[in-house]
$ cat my_file-v9.tsv   # TSV, C-alpha atoms
chain	number	residue	atom	x	y	z
A	9	MET	CA	125.13	103.25	-44.49
A	10	VAL	CA	125.21	99.74	-42.98
A	11	ARG	CA	127.09	101.09	-39.96
A	12	LYS	CA	124.47	103.82	-39.51
A	13	ILE	CA	121.64	101.28	-39.54
A	14	ARG	CA	123.55	99.14	-37.05
A	15	THR	CA	124.01	102.07	-34.66
A	16	VAL	CA	120.35	102.95	-34.90
A	17	LEU	CA	119.36	99.34	-34.22
A	18	ALA	CA	121.70	99.12	-31.22
A	19	LEU	CA	120.34	102.37	-29.81
A	20	ALA	CA	116.78	101.16	-30.34
A	21	ALA	CA	117.56	97.89	-28.53
A	22	LEU	CA	119.10	99.82	-25.62
A	23	ALA	CA	116.14	102.16	-25.39
A	24	PHE	CA	113.80	99.18	-25.56
A	25	THR	CA	115.42	97.31	-22.65
A	26	PHE	CA	115.75	100.39	-20.46
A	27	GLY	CA	112.33	101.64	-21.45
A	28	LEU	CA	110.68	98.36	-20.52
A	29	ARG	CA	112.42	97.71	-17.22
A	30	PRO	CA	110.99	100.56	-15.10
A	31	SER	CA	107.45	99.97	-16.35
A	32	ALA	CA	107.64	96.23	-15.58
A	33	HIS	CA	108.90	97.10	-12.11
A	34	ALA	CA	106.12	99.62	-11.56
A	35	GLN	CA	103.53	97.10	-12.63
A	36	ASP	CA	104.25	94.52	-9.94
A	37	SER	CA	104.85	97.11	-7.23
A	38	LYS	CA	101.45	98.76	-7.49
A	39	ALA	CA	99.00	96.28	-6.04
A	40	LYS	CA	96.39	98.04	-3.92
A	41	THR	CA	95.02	96.36	-0.81
A	42	LEU	CA	91.23	96.51	-0.85
A	43	GLU	CA	89.95	94.19	1.86
A	44	THR	CA	91.25	91.82	4.50
A	45	GLY	CA	90.02	89.43	7.17
A	46	THR	CA	91.10	86.50	9.32
A	47	PHE	CA	89.88	82.91	9.04
A	48	HIS	CA	87.93	81.12	11.71
A	49	GLY	CA	87.02	77.45	11.60
A	50	LYS	CA	86.69	74.85	14.32
A	51	VAL	CA	85.44	71.61	12.70
A	52	HIS	CA	88.52	71.56	10.47
A	53	SER	CA	90.70	74.05	12.32
A	54	THR	CA	91.46	76.83	9.86
A	55	SER	CA	93.51	79.98	10.47
A	56	GLY	CA	95.32	82.72	8.63
A	57	ARG	CA	94.52	85.84	6.66
A	58	ALA	CA	92.68	86.47	3.42
A	59	THR	CA	93.40	89.70	1.56
A	60	ILE	CA	92.04	91.04	-1.72
A	61	TYR	CA	94.42	93.07	-3.88
A	62	GLN	CA	93.70	95.09	-6.97
A	63	LYS	CA	96.49	94.98	-9.49
A	64	GLU	CA	97.38	97.91	-11.69
A	65	ASP	CA	95.45	96.46	-14.63
A	66	GLY	CA	92.32	96.46	-12.44
A	67	SER	CA	92.15	92.69	-11.94
A	68	LEU	CA	91.42	91.34	-8.47
A	69	LEU	CA	93.49	88.80	-6.61
A	70	LEU	CA	92.81	86.91	-3.40
A	71	ARG	CA	95.88	86.07	-1.33
A	72	LEU	CA	95.98	83.72	1.66
A	73	THR	CA	98.83	84.25	4.14
A	74	ASN	CA	99.87	82.45	7.35
A	75	PHE	CA	97.30	80.00	6.12
A	76	LYS	CA	96.54	76.61	7.58
A	77	THR	CA	93.61	74.23	7.23
A	78	SER	CA	93.12	70.48	7.20
A	79	ASN	CA	93.70	68.62	3.98
A	80	GLY	CA	90.67	67.03	2.36
A	81	PRO	CA	89.07	65.84	-0.84
A	82	ASP	CA	87.82	68.32	-3.45
A	83	VAL	CA	88.44	71.43	-1.33
A	84	HIS	CA	87.80	74.75	-3.09
A	85	VAL	CA	88.22	78.46	-2.42
A	86	ILE	CA	84.97	80.36	-2.90
A	87	LEU	CA	83.56	83.82	-2.27
A	88	ILE	CA	80.09	83.79	-0.74
A	89	ALA	CA	77.38	86.43	-0.62
A	90	VAL	CA	77.01	86.57	3.18
A	91	LYS	CA	78.51	88.73	5.95
A	92	ASP	CA	80.03	85.73	7.70
A	93	ALA	CA	79.53	81.95	7.79
A	94	ASP	CA	79.09	79.54	10.67
A	95	ASP	CA	81.85	77.00	11.15
A	96	ASP	CA	79.50	74.17	10.20
A	97	ALA	CA	77.67	75.97	7.37
A	98	ASN	CA	76.31	73.99	4.42
A	99	PHE	CA	75.95	76.39	1.48
A	100	LEU	CA	74.08	73.87	-0.65
A	101	LYS	CA	71.26	73.66	1.89
A	102	SER	CA	71.11	77.38	2.56
A	103	GLY	CA	71.39	78.19	-1.17
A	104	VAL	CA	74.06	80.85	-0.70
A	105	GLU	CA	75.27	82.57	-3.86
A	106	ARG	CA	78.94	82.00	-4.57
A	107	VAL	CA	81.86	82.70	-6.87
A	108	GLU	CA	84.30	79.84	-7.52
A	109	LEU	CA	87.99	80.78	-7.33
A	110	GLY	CA	89.43	77.31	-7.92
A	111	PRO	CA	90.60	74.22	-6.06
A	112	LEU	CA	92.70	74.86	-2.95
A	113	LYS	CA	96.34	74.78	-4.01
A	114	GLY	CA	97.66	73.68	-0.64
A	115	ASN	CA	96.38	73.29	2.90
A	116	GLN	CA	99.34	75.28	4.22
A	117	GLY	CA	101.21	78.35	3.06
A	118	ASP	CA	100.84	81.55	1.08
A	119	GLN	CA	98.78	81.30	-2.11
A	120	ASN	CA	97.06	83.50	-4.70
A	121	TYR	CA	93.76	83.12	-6.56
A	122	GLN	CA	92.44	85.18	-9.46
A	123	ILE	CA	88.99	86.66	-8.86
A	124	PRO	CA	86.83	86.67	-12.04
A	125	SER	CA	86.45	90.18	-13.43
A	126	GLY	CA	83.12	91.78	-12.66
A	127	THR	CA	82.83	90.19	-9.20
A	128	ASP	CA	80.94	92.56	-6.92
A	129	LEU	CA	82.95	92.68	-3.68
A	130	SER	CA	80.22	94.62	-1.88
A	131	LYS	CA	78.03	91.54	-2.36
A	132	PHE	CA	80.54	88.69	-1.93
A	133	GLN	CA	81.92	89.61	1.47
A	134	THR	CA	83.30	86.35	2.82
A	135	VAL	CA	85.96	83.86	1.72
A	136	SER	CA	85.22	80.22	2.43
A	137	ILE	CA	87.40	77.12	2.25
A	138	TYR	CA	84.77	74.67	1.15
A	139	CYS	CA	84.72	70.92	0.66
A	140	GLU	CA	82.48	70.46	-2.40
A	141	ARG	CA	82.19	66.71	-1.93
A	142	PHE	CA	80.62	66.86	1.51
A	143	ASN	CA	79.35	70.44	1.37
A	144	ALA	CA	81.35	71.30	4.47
A	145	ASN	CA	82.71	74.74	5.31
A	146	PHE	CA	86.29	74.20	6.57
A	147	GLY	CA	86.73	77.86	7.49
A	148	ALA	CA	85.49	81.34	6.64
A	149	ALA	CA	87.07	84.79	6.60
A	150	PRO	CA	84.70	87.77	6.65
A	151	LEU	CA	86.36	90.60	4.72
A	152	GLU	CA	86.51	94.20	5.88
A	153	LYS	CA	87.79	97.33	4.20
A	154	PHE	CA	91.56	97.72	4.51
B	19	MET	CA	71.41	24.50	3.71
B	20	VAL	CA	74.77	25.52	5.15
B	21	ALA	CA	76.54	23.44	2.56
B	22	HIS	CA	74.43	25.11	-0.10
B	23	ILE	CA	75.50	28.63	0.98
B	24	GLY	CA	79.05	27.40	1.27
B	25	SER	CA	79.14	26.18	-2.30
B	26	TRP	CA	77.48	29.38	-3.49
B	27	LEU	CA	80.14	31.43	-1.74
B	28	LEU	CA	82.83	29.28	-3.26
B	29	ARG	CA	81.45	29.69	-6.74
B	30	TRP	CA	81.14	33.49	-6.47
B	31	LYS	CA	84.23	34.04	-4.32
B	32	TRP	CA	86.22	36.01	-6.89
B	33	VAL	CA	83.25	38.14	-7.91
B	34	ILE	CA	82.64	39.06	-4.26
B	35	VAL	CA	86.34	39.84	-3.76
B	36	ALA	CA	86.34	42.00	-6.90
B	37	PHE	CA	83.24	43.93	-5.77
B	38	GLY	CA	84.67	44.36	-2.29
B	39	PHE	CA	87.87	45.69	-3.80
B	40	LEU	CA	85.96	48.16	-5.99
B	41	ALA	CA	83.92	49.31	-2.99
B	42	LEU	CA	87.14	49.90	-1.04
B	43	ILE	CA	88.62	51.95	-3.88
B	44	GLY	CA	85.40	53.95	-4.12
B	45	ALA	CA	85.39	54.65	-0.39
B	46	TRP	CA	89.03	55.68	-0.52
B	47	TRP	CA	88.37	58.04	-3.43
B	48	VAL	CA	85.43	59.65	-1.66
B	49	PHE	CA	87.03	60.14	1.74
B	50	ARG	CA	90.75	60.30	0.86
B	51	PRO	CA	91.65	59.44	4.49
B	52	GLU	CA	95.40	59.69	3.84
B	53	LYS	CA	94.92	63.46	3.53
B	54	LEU	CA	94.47	63.59	7.29
B	55	TRP	CA	98.21	63.02	7.61
B	56	ILE	CA	99.58	64.44	4.39
B	57	ASN	CA	100.03	68.19	4.14
B	58	GLN	CA	100.32	70.06	0.90
B	59	LYS	CA	102.46	73.17	1.34
B	60	VAL	CA	102.61	76.04	-1.12
B	61	ASN	CA	104.51	79.31	-1.08
B	62	GLU	CA	103.46	81.75	-3.78
B	63	PRO	CA	104.98	85.26	-3.87
B	64	ALA	CA	102.94	88.34	-2.99
B	65	PRO	CA	101.63	90.36	-5.97
B	66	PHE	CA	104.12	93.14	-5.13
B	67	ALA	CA	107.20	91.04	-4.39
B	68	SER	CA	109.74	93.51	-5.77
B	69	SER	CA	108.12	96.47	-4.04
B	70	THR	CA	110.04	98.91	-1.88
B	71	ASP	CA	106.80	100.17	-0.32
B	72	PRO	CA	106.28	99.75	3.44
B	73	GLN	CA	104.93	96.31	4.26
B	74	PRO	CA	101.99	95.81	6.64
B	75	LEU	CA	102.88	93.71	9.70
B	76	TYR	CA	99.76	93.83	11.87
B	77	THR	CA	96.26	95.12	11.30
B	78	GLY	CA	92.88	95.33	13.01
B	79	ARG	CA	89.55	97.17	13.00
B	80	LEU	CA	88.89	99.83	15.60
B	81	GLU	CA	85.90	99.28	17.85
B	82	GLY	CA	84.29	102.07	19.79
B	83	LYS	CA	84.18	102.04	23.60
B	84	ALA	CA	83.37	105.28	25.42
B	85	HIS	CA	82.85	107.07	22.11
B	86	GLN	CA	81.93	105.82	18.68
B	87	THR	CA	85.17	104.99	16.88
B	88	SER	CA	85.73	103.19	13.60
B	89	GLY	CA	88.41	102.55	11.02
B	90	ARG	CA	91.51	100.45	10.60
B	91	ALA	CA	94.82	100.48	12.44
B	92	THR	CA	97.81	98.95	10.64
B	93	ILE	CA	101.44	98.73	11.62
B	94	TYR	CA	103.83	99.07	8.68
B	95	LYS	CA	107.53	98.44	8.40
B	96	THR	CA	109.51	100.57	5.95
B	97	ILE	CA	112.39	99.18	3.91
B	98	ASP	CA	114.91	100.78	6.32
B	99	GLY	CA	113.34	99.00	9.31
B	100	LYS	CA	111.28	101.84	10.80
B	101	GLN	CA	107.80	101.00	12.03
B	102	TYR	CA	104.74	103.18	12.14
B	103	LEU	CA	101.07	102.92	12.94
B	104	ARG	CA	98.67	104.12	10.27
B	105	LEU	CA	95.00	104.87	10.83
B	106	THR	CA	92.81	104.70	7.75
B	107	ASP	CA	89.11	105.10	7.15
B	108	PHE	CA	89.29	106.62	10.63
B	109	SER	CA	86.67	108.45	12.63
B	110	THR	CA	86.24	109.13	16.33
B	111	SER	CA	84.78	111.91	18.41
B	112	ASN	CA	86.88	114.95	19.15
B	113	GLY	CA	87.94	115.45	22.76
B	114	PRO	CA	90.47	116.95	25.14
B	115	ASP	CA	93.99	115.49	25.35
B	116	VAL	CA	93.31	112.45	23.18
B	117	HIS	CA	96.31	110.22	22.50
B	118	VAL	CA	97.23	107.20	20.43
B	119	LEU	CA	98.70	104.33	22.43
B	120	LEU	CA	99.74	100.75	22.04
B	121	ALA	CA	98.52	98.50	24.86
B	122	GLN	CA	97.98	94.83	25.59
B	123	SER	CA	94.75	93.55	24.08
B	124	ASP	CA	94.10	91.25	27.05
B	125	ASP	CA	94.59	94.06	29.59
B	126	GLU	CA	91.67	93.99	32.03
B	127	SER	CA	91.55	97.80	32.31
B	128	LEU	CA	90.92	98.05	28.55
B	129	LYS	CA	87.68	96.13	28.92
B	130	GLN	CA	86.05	99.05	30.73
B	131	GLU	CA	85.26	102.39	29.17
B	132	ILE	CA	87.12	104.26	31.91
B	133	VAL	CA	90.52	102.99	33.00
B	134	LYS	CA	91.11	102.82	36.74
B	135	GLY	CA	94.73	103.28	37.73
B	136	GLN	CA	97.59	103.15	35.28
B	137	LEU	CA	97.31	101.64	31.81
B	138	ASP	CA	100.41	99.71	30.75
B	139	SER	CA	101.00	101.26	27.35
B	140	VAL	CA	103.41	102.73	24.80
B	141	GLU	CA	102.71	106.37	23.91
B	142	LEU	CA	102.67	107.21	20.19
B	143	GLY	CA	101.61	110.84	20.49
B	144	PRO	CA	98.56	113.10	20.62
B	145	LEU	CA	95.83	112.31	18.12
B	146	LYS	CA	96.44	114.46	15.04
B	147	GLY	CA	92.83	114.57	13.92
B	148	ASN	CA	89.60	112.88	14.84
B	149	GLN	CA	88.96	112.01	11.19
B	150	GLY	CA	91.12	110.94	8.29
B	151	ASP	CA	94.23	108.94	7.48
B	152	GLN	CA	97.23	109.54	9.76
B	153	ASN	CA	100.60	108.02	10.69
B	154	TYR	CA	102.37	107.66	14.05
B	155	ASP	CA	106.00	106.59	14.34
B	156	LEU	CA	106.71	103.76	16.77
B	157	PRO	CA	109.54	104.15	19.30
B	158	VAL	CA	112.36	101.83	18.27
B	159	PRO	CA	112.15	99.05	20.86
B	160	VAL	CA	108.50	98.07	21.11
B	161	ASP	CA	107.40	94.47	21.53
B	162	LEU	CA	104.46	94.12	19.16
B	163	GLN	CA	103.73	90.61	20.41
B	164	LYS	CA	103.02	92.14	23.82
B	165	TYR	CA	101.55	95.52	22.86
B	166	ASN	CA	99.11	94.13	20.33
B	167	ALA	CA	96.31	96.69	20.51
B	168	ALA	CA	96.03	100.24	19.22
B	169	VAL	CA	94.09	102.47	21.60
B	170	ILE	CA	92.55	105.90	21.15
B	171	TYR	CA	92.70	107.22	24.70
B	172	CYS	CA	91.64	110.41	26.44
B	173	GLU	CA	94.38	111.06	29.02
B	174	ARG	CA	92.35	113.67	30.91
B	175	PHE	CA	89.40	111.44	31.75
B	176	HIS	CA	91.10	108.05	31.33
B	177	ALA	CA	88.45	107.22	28.75
B	178	VAL	CA	89.03	104.54	26.13
B	179	PHE	CA	87.55	105.95	22.92
B	180	GLY	CA	88.32	102.91	20.81
B	181	VAL	CA	90.48	99.79	20.63
B	182	ALA	CA	91.82	97.80	17.69
B	183	LYS	CA	93.19	94.35	18.36
B	184	LEU	CA	96.12	93.93	15.98
B	185	GLU	CA	96.52	90.61	14.23
B	186	GLN	CA	99.33	89.43	12.00
B	187	PHE	CA	98.89	90.58	8.42
$ encode --input "my_file-v9.tsv" --output "structure tokens"
Amino acid sequence: MVRKIRTVLALAALAFTFGLRPSAHAQDSKAKTLETGTFHGKVHSTSGRATIYQKEDGSLLLRLTNFKTSNGPDVHVILIAVKDADDDANFLKSGVERVELGPLKGNQGDQNYQIPSGTDLSKFQTVSIYCERFNANFGAAPLEKF
Amino acid sequence: MVAHIGSWLLRWKWVIVAFGFLALIGAWWVFRPEKLWINQKVNEPAPFASSTDPQPLYTGRLEGKAHQTSGRATIYKTIDGKQYLRLTDFSTSNGPDVHVLLAQSDDESLKQEIVKGQLDSVELGPLKGNQGDQNYDLPVPVDLQKYNAAVIYCERFHAVFGVAKLEQF
């Protein structure tokens, strides 16, 4: 009886590990590319690509690649409700609607940011690297359908 | 008078120094000037790191020239090293003998609607359809740094239907 239970448990454990593995693999391999655009910025020279992915669970993720900007105080990544932004734009003055994605993780390199669920991408069409302290736009990437 | 100011300064010396020091710290905190020289590098993985799907290398939006053309051109690399151009969201006008080419985005003859003379290009094949998603295999040795534009081109009339400047993905 004990041996039977043991066999069943071992089989269950095997099935569990093998059952989980393919699904975990499928989950991280199925990110859909929704939009992409390249950065422009002269005042604080900014370059690279911004891409929005949709993960399998429906959540949205912004990824910066080949990215480079100048380092600065209190720099954030935001989505703004405009088609494109001037290199010297001040969003406080112009009262542009925005979605905060978090402080910039690094001024160089590939990095990901979660986009809050329910963000309307047809409205927030541009990514901005924005210095909150001086209300200065370091660079902007207008997004287009991938 | 001068002696008076001098003694005043002497009496308040440490207070002035302390305030000056605080002001300096405040200014440093606001401007963080050292960040001009210090870089902060990050390297997070892509959301599909373990994927075996083809990876996009270059991409760009098509812009119409002689005929209205729109959509996206992307060059993918498969896991076994093959490269192909994929048109998505694509629409152009139908025409005779229309081909898909790779050319140099700074080529002068691409700036006109009608190319005079020979266009330096890499042939990818006749256009499969004037609307819809479609793939074109790239010949093995093609320098994508040099041929960095996808062109929809009418061979018969040397007309540039549309051009997409390809930028690193």
$ closest_residue --input "my_file-v9.tsv" --among "B:Ile23, B:Glu185, B:Thr87, B:Gly82" --to "chain A" --atoms "all atoms listed in the file"
B:Glu185
$ residues_around --input "my_file-v9.tsv" --residues "B:Leu156" --least-positions-apart "3" --cutoff "10 Å" --atoms "all atoms listed in the file" --output "list of chain:residue names"
B:Ile93, B:Tyr94, B:Lys95, B:Lys100, B:Gln101, B:Tyr102, B:Leu103, B:Leu119, B:Leu120, B:Val140, B:Glu141, B:Leu142, B:Gly143, B:Asn153, B:Pro159, B:Val160
$ closest_residue --input "my_file-v9.tsv" --among "B:Arg79, B:His176, B:His117, B:Arg104" --to "B:Val133" --atoms "all atoms listed in the file"
B:His176
$ interface_residues --input "my_file-v9.tsv" --of "chain A" --to "chain B" --cutoff "6 Å" --atoms "all atoms listed in the file" --output "JSON, numbers by chain"
{"A": [36, 37, 79, 80, 114, 115, 116, 117, 118, 119]}
$ residues_near_point --input "my_file-v9.tsv" --point "(88.8, 104.3, 15.8)" --cutoff "12 Å" --atoms "all atoms listed in the file" --output "short mmCIF file (atom, residue, chain, number, x, y, z; two decimals) with C-alpha atoms, in the coordinates of the input"
data_model
loop_
_atom_site.label_atom_id
_atom_site.label_comp_id
_atom_site.auth_asym_id
_atom_site.auth_seq_id
_atom_site.Cartn_x
_atom_site.Cartn_y
_atom_site.Cartn_z
CA GLY B 78 92.88 95.33 13.01
CA ARG B 79 89.55 97.17 13.00
CA LEU B 80 88.89 99.83 15.60
CA GLU B 81 85.90 99.28 17.85
CA GLY B 82 84.29 102.07 19.79
CA LYS B 83 84.18 102.04 23.60
CA ALA B 84 83.37 105.28 25.42
CA HIS B 85 82.85 107.07 22.11
CA GLN B 86 81.93 105.82 18.68
CA THR B 87 85.17 104.99 16.88
CA SER B 88 85.73 103.19 13.60
CA GLY B 89 88.41 102.55 11.02
CA ARG B 90 91.51 100.45 10.60
CA ALA B 91 94.82 100.48 12.44
CA THR B 92 97.81 98.95 10.64
CA ARG B 104 98.67 104.12 10.27
CA LEU B 105 95.00 104.87 10.83
CA THR B 106 92.81 104.70 7.75
CA ASP B 107 89.11 105.10 7.15
CA PHE B 108 89.29 106.62 10.63
CA SER B 109 86.67 108.45 12.63
CA THR B 110 86.24 109.13 16.33
CA SER B 111 84.78 111.91 18.41
CA ASN B 112 86.88 114.95 19.15
CA VAL B 116 93.31 112.45 23.18
CA HIS B 117 96.31 110.22 22.50
CA VAL B 118 97.23 107.20 20.43
CA LEU B 119 98.70 104.33 22.43
CA LEU B 145 95.83 112.31 18.12
CA GLY B 147 92.83 114.57 13.92
CA ASN B 148 89.60 112.88 14.84
CA GLN B 149 88.96 112.01 11.19
CA GLY B 150 91.12 110.94 8.29
CA ASP B 151 94.23 108.94 7.48
CA GLN B 152 97.23 109.54 9.76
CA ALA B 167 96.31 96.69 20.51
CA ALA B 168 96.03 100.24 19.22
CA VAL B 169 94.09 102.47 21.60
CA ILE B 170 92.55 105.90 21.15
CA TYR B 171 92.70 107.22 24.70
CA VAL B 178 89.03 104.54 26.13
CA PHE B 179 87.55 105.95 22.92
CA GLY B 180 88.32 102.91 20.81
CA VAL B 181 90.48 99.79 20.63
CA ALA B 182 91.82 97.80 17.69
CA LYS B 183 93.19 94.35 18.36
#
$ residues_around --input "my_file-v9.tsv" --residues "A:Glu152" --least-positions-apart "3" --cutoff "12 Å" --atoms "only C-alpha atoms" --output "mmCIF file with C-alpha atoms, in the frame of the given file"
data_model
loop_
_atom_site.group_PDB
_atom_site.id
_atom_site.type_symbol
_atom_site.label_atom_id
_atom_site.label_comp_id
_atom_site.auth_asym_id
_atom_site.auth_seq_id
_atom_site.Cartn_x
_atom_site.Cartn_y
_atom_site.Cartn_z
ATOM 1 C CA THR A 41 95.020 96.360 -0.810
ATOM 2 C CA LEU A 42 91.230 96.510 -0.850
ATOM 3 C CA GLU A 43 89.950 94.190 1.860
ATOM 4 C CA THR A 44 91.250 91.820 4.500
ATOM 5 C CA GLY A 45 90.020 89.430 7.170
ATOM 6 C CA THR A 46 91.100 86.500 9.320
ATOM 7 C CA ARG A 57 94.520 85.840 6.660
ATOM 8 C CA ALA A 58 92.680 86.470 3.420
ATOM 9 C CA THR A 59 93.400 89.700 1.560
ATOM 10 C CA ILE A 60 92.040 91.040 -1.720
ATOM 11 C CA LYS A 91 78.510 88.730 5.950
ATOM 12 C CA ASP A 92 80.030 85.730 7.700
ATOM 13 C CA LEU A 129 82.950 92.680 -3.680
ATOM 14 C CA SER A 130 80.220 94.620 -1.880
ATOM 15 C CA PHE A 132 80.540 88.690 -1.930
ATOM 16 C CA GLN A 133 81.920 89.610 1.470
ATOM 17 C CA THR A 134 83.300 86.350 2.820
ATOM 18 C CA VAL A 135 85.960 83.860 1.720
ATOM 19 C CA ALA A 149 87.070 84.790 6.600
ATOM 20 C CA THR B 77 96.260 95.120 11.300
ATOM 21 C CA GLY B 78 92.880 95.330 13.010
ATOM 22 C CA ARG B 79 89.550 97.170 13.000
ATOM 23 C CA LEU B 80 88.890 99.830 15.600
ATOM 24 C CA SER B 88 85.730 103.190 13.600
ATOM 25 C CA GLY B 89 88.410 102.550 11.020
ATOM 26 C CA ARG B 90 91.510 100.450 10.600
ATOM 27 C CA ASP B 107 89.110 105.100 7.150
#
$ atom_distance --input "my_file-v9.tsv" --atom1 "atom CA of A:Lys76" --atom2 "atom CA of A:Asn98"
20.6 Å
